[in-house]
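Working notes, structure below.
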Amino acid sequence: MTTPDNPMEIAFALAEEAAAAGEVPVGAVVVRQGRVIGRGRNTMRETRDPTAHAEFNAIRAALEADGTGRLGDCDLYVTLEPCTMCAGAIAHARLRRVYYAAEDPKGGAVDNGVRFFAQPTCHHAPEVIGGVQATRAAELLRRFFAARR
């Protein structure tokens, strides 16, 4: 476990690792009381697993470290707005708060798309703070995709 100066910095370092591995550059960390208890980056290509998004990997690691099925006193920091699948996992894990960097107008499901947490059928909605270092995250994604075109 790490005591971060800035959890979003750790998430960005994980996003850079993902990019270096040929994965879409997204990183995520789960923090409890100022300590990182789970970290993850996109590993979908490496693992050939469509659920291996950064958020899923960070939540799985946090649950493993925690030994429980809930993370109600934890916060998630992620470099891209979570998709519907990840928003569902966030709700089921009962994360307290989500901080994300860049919005994802095409695949995001928090402030874009289905707006998962605003739906009446959503059983748990965390507090959401979007736009944390959004320009930096958007530029990282732009560079990654430009290099592949």
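We name chains A, B, ... following the order of the structure tokens; residues begin at 1 in each chain, and ligands are numbered from 1 as shown.
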Helix (DSSP H, G or I) call set, DSSP backbone run, chain A, as a PyMOL selection string: chain A and resi 7-20+44-47+54-66+84-93+116-118+134-146
Could I get the residues of range 44-71 of chain A with an atom no further than 6 Å from an atom of range 19-33 of chain A, each paired with its nearest atom pair and that distance in Å to one decimal, using only C-alpha atoms, sorted by chain and residue number, as a tab-separated table?
```
residue	atom	partner	partner_atom	distance
A:Ala54	CA	A:Gly27	CA	5.3
A:Glu55	CA	A:Ala28	CA	5.5
A:Ala58	CA	A:Val29	CA	5.6
```
For Ala102 in chain A, the nearest of the candidates A:Ala118, A:Ala62, A:Ala125, A:Val78, counting only C-alpha atoms: A:Val78
With only C-alpha atoms as the counted atoms, please give the residues lying no more than 12 Å from Asp5 in chain A, apart from itself and same-chain residues fewer than 3 positions off, as an mmCIF file with C-alpha atoms, in the first residue's frame.
```
data_model
loop_
_atom_site.group_PDB
_atom_site.id
_atom_site.type_symbol
_atom_site.label_atom_id
_atom_site.label_comp_id
_atom_site.auth_asym_id
_atom_site.auth_seq_id
_atom_site.Cartn_x
_atom_site.Cartn_y
_atom_site.Cartn_z
ATOM 1 C CA THR A 2 1.165 3.489 -0.824
ATOM 2 C CA MET A 8 -4.566 11.184 -9.550
ATOM 3 C CA GLU A 9 -0.805 11.320 -10.217
ATOM 4 C CA ILE A 10 -0.634 7.583 -9.525
ATOM 5 C CA ALA A 11 -3.581 7.041 -11.866
ATOM 6 C CA VAL A 31 -7.977 5.159 -1.825
ATOM 7 C CA GLY A 34 -5.283 8.622 2.242
ATOM 8 C CA ARG A 35 -3.777 5.223 1.370
ATOM 9 C CA VAL A 36 -3.927 3.471 -1.982
#
```
Computed interatomic separation between CA of Arg45 in chain A and CA of Gly130 in chain A (Å):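 Going from CA of Arg45 in chain A over to CA of Gly130 in chain A covers 26.7 Å.
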Range 63-139 of chain A: residues DSSP assigns to strand (DSSP E or B), reported as a PyMOL selection string: chain A and resi 74-80+97-102+127-129
Selected residue, from A:Tyr77, A:Phe145, A:Phe116, A:Phe12, that lies nearest to Ile129 in chain A when counting only C-alpha atoms: A:Tyr77
Spatial neighbours of Ile90 in chain A, 10 Å, only C-alpha atoms, chain gap at least 4 places, as a list in words: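 Non-adjacent residues within range: Glu55, Phe56, Ile59, Arg70, Leu71, Gly72, Asp75, Leu76, Pro82, Thr84, Met85, Cys86, Arg94, Leu95, Arg96, Arg97, Val98, Phe117, His124, Ala125 and Pro126 of chain A.
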Include N, CA and C atoms and write out the residues we just selected as a compact mmCIF listing (two decimals), in the first residue's frame.
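What ended up in part04.txt:
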```txt
# COMPACT_ATOMS: atom_id res chain seq x y z
N GLU A 55 -10.67 0.63 -13.97
CA GLU A 55 -11.50 0.70 -12.77
C GLU A 55 -11.75 -0.69 -12.19
N PHE A 56 -12.08 -1.64 -13.05
CA PHE A 56 -12.32 -3.02 -12.59
C PHE A 56 -11.07 -3.57 -11.92
N ILE A 59 -10.59 -1.87 -8.54
CA ILE A 59 -11.60 -2.32 -7.58
C ILE A 59 -11.30 -3.74 -7.13
N ARG A 70 -17.24 -4.81 -0.18
CA ARG A 70 -17.71 -3.43 -0.25
C ARG A 70 -16.56 -2.47 0.03
N LEU A 71 -16.65 -1.30 -0.59
CA LEU A 71 -15.61 -0.27 -0.43
C LEU A 71 -16.27 1.07 -0.09
N GLY A 72 -17.22 1.05 0.81
CA GLY A 72 -18.03 2.22 1.12
C GLY A 72 -17.29 3.40 1.70
N ASP A 75 -12.52 5.98 -2.09
CA ASP A 75 -12.69 6.85 -3.24
C ASP A 75 -11.93 6.26 -4.42
N LEU A 76 -12.47 6.45 -5.62
CA LEU A 76 -11.83 6.00 -6.85
C LEU A 76 -11.34 7.22 -7.62
N PRO A 82 -15.85 6.87 -16.28
CA PRO A 82 -16.20 5.45 -16.35
C PRO A 82 -17.33 5.16 -17.34
N THR A 84 -20.41 2.39 -18.72
CA THR A 84 -21.56 1.79 -18.04
C THR A 84 -21.16 0.58 -17.20
N MET A 85 -20.32 -0.29 -17.76
CA MET A 85 -19.88 -1.48 -17.04
C MET A 85 -19.16 -1.09 -15.75
N CYS A 86 -18.26 -0.14 -15.85
CA CYS A 86 -17.49 0.28 -14.68
C CYS A 86 -18.37 1.02 -13.67
N ARG A 94 -20.04 -0.04 -3.85
CA ARG A 94 -20.47 1.02 -2.94
C ARG A 94 -19.39 2.07 -2.67
N LEU A 95 -18.58 2.35 -3.70
CA LEU A 95 -17.56 3.38 -3.53
C LEU A 95 -18.21 4.70 -3.12
N ARG A 96 -17.55 5.40 -2.26
CA ARG A 96 -18.10 6.65 -1.70
C ARG A 96 -18.04 7.80 -2.70
N ARG A 97 -16.92 7.89 -3.42
CA ARG A 97 -16.69 9.04 -4.28
C ARG A 97 -15.88 8.61 -5.50
N VAL A 98 -16.15 9.26 -6.64
CA VAL A 98 -15.40 9.02 -7.87
C VAL A 98 -14.87 10.35 -8.38
N PHE A 117 -25.56 6.80 -12.70
CA PHE A 117 -25.85 7.09 -11.29
C PHE A 117 -27.11 7.93 -11.10
N HIS A 124 -26.96 2.51 -5.76
CA HIS A 124 -25.98 3.30 -5.01
C HIS A 124 -25.32 4.28 -5.95
N ALA A 125 -25.36 5.54 -5.61
CA ALA A 125 -24.73 6.58 -6.43
C ALA A 125 -23.67 7.29 -5.60
N PRO A 126 -22.42 7.16 -6.02
CA PRO A 126 -21.35 7.87 -5.30
C PRO A 126 -21.37 9.36 -5.64
```
Which of A:Gly107, A:His123, A:Val114, A:Gly67 sits closest to Ala91 in chain A [using only C-alpha atoms]: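 When distances to Ala91 in chain A are compared using only C-alpha atoms, the smallest one comes from A:His123.
Shortest separation to His53 in chain A among A:Leu140, A:Cys122, A:Ala134, A:Ala87 occurs at residue A:Ala87, atoms counted being only C-alpha atoms.
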Interatomic distance (Å, one decimal) between CA of Phe144 in chain A and CA of Glu81 in chain A: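 Calculated distance between CA of Phe144 in chain A and CA of Glu81 in chain A is 16.8 Å.
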Which of A:Glu127, A:Pro120, A:Arg148, A:Ala138 sits closest to Pro105 in chain A [using only C-alpha atoms]: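 Going through A:Glu127, A:Pro120, A:Arg148, A:Ala138 one by one, the smallest distance to Pro105 in chain A is for A:Ala138.
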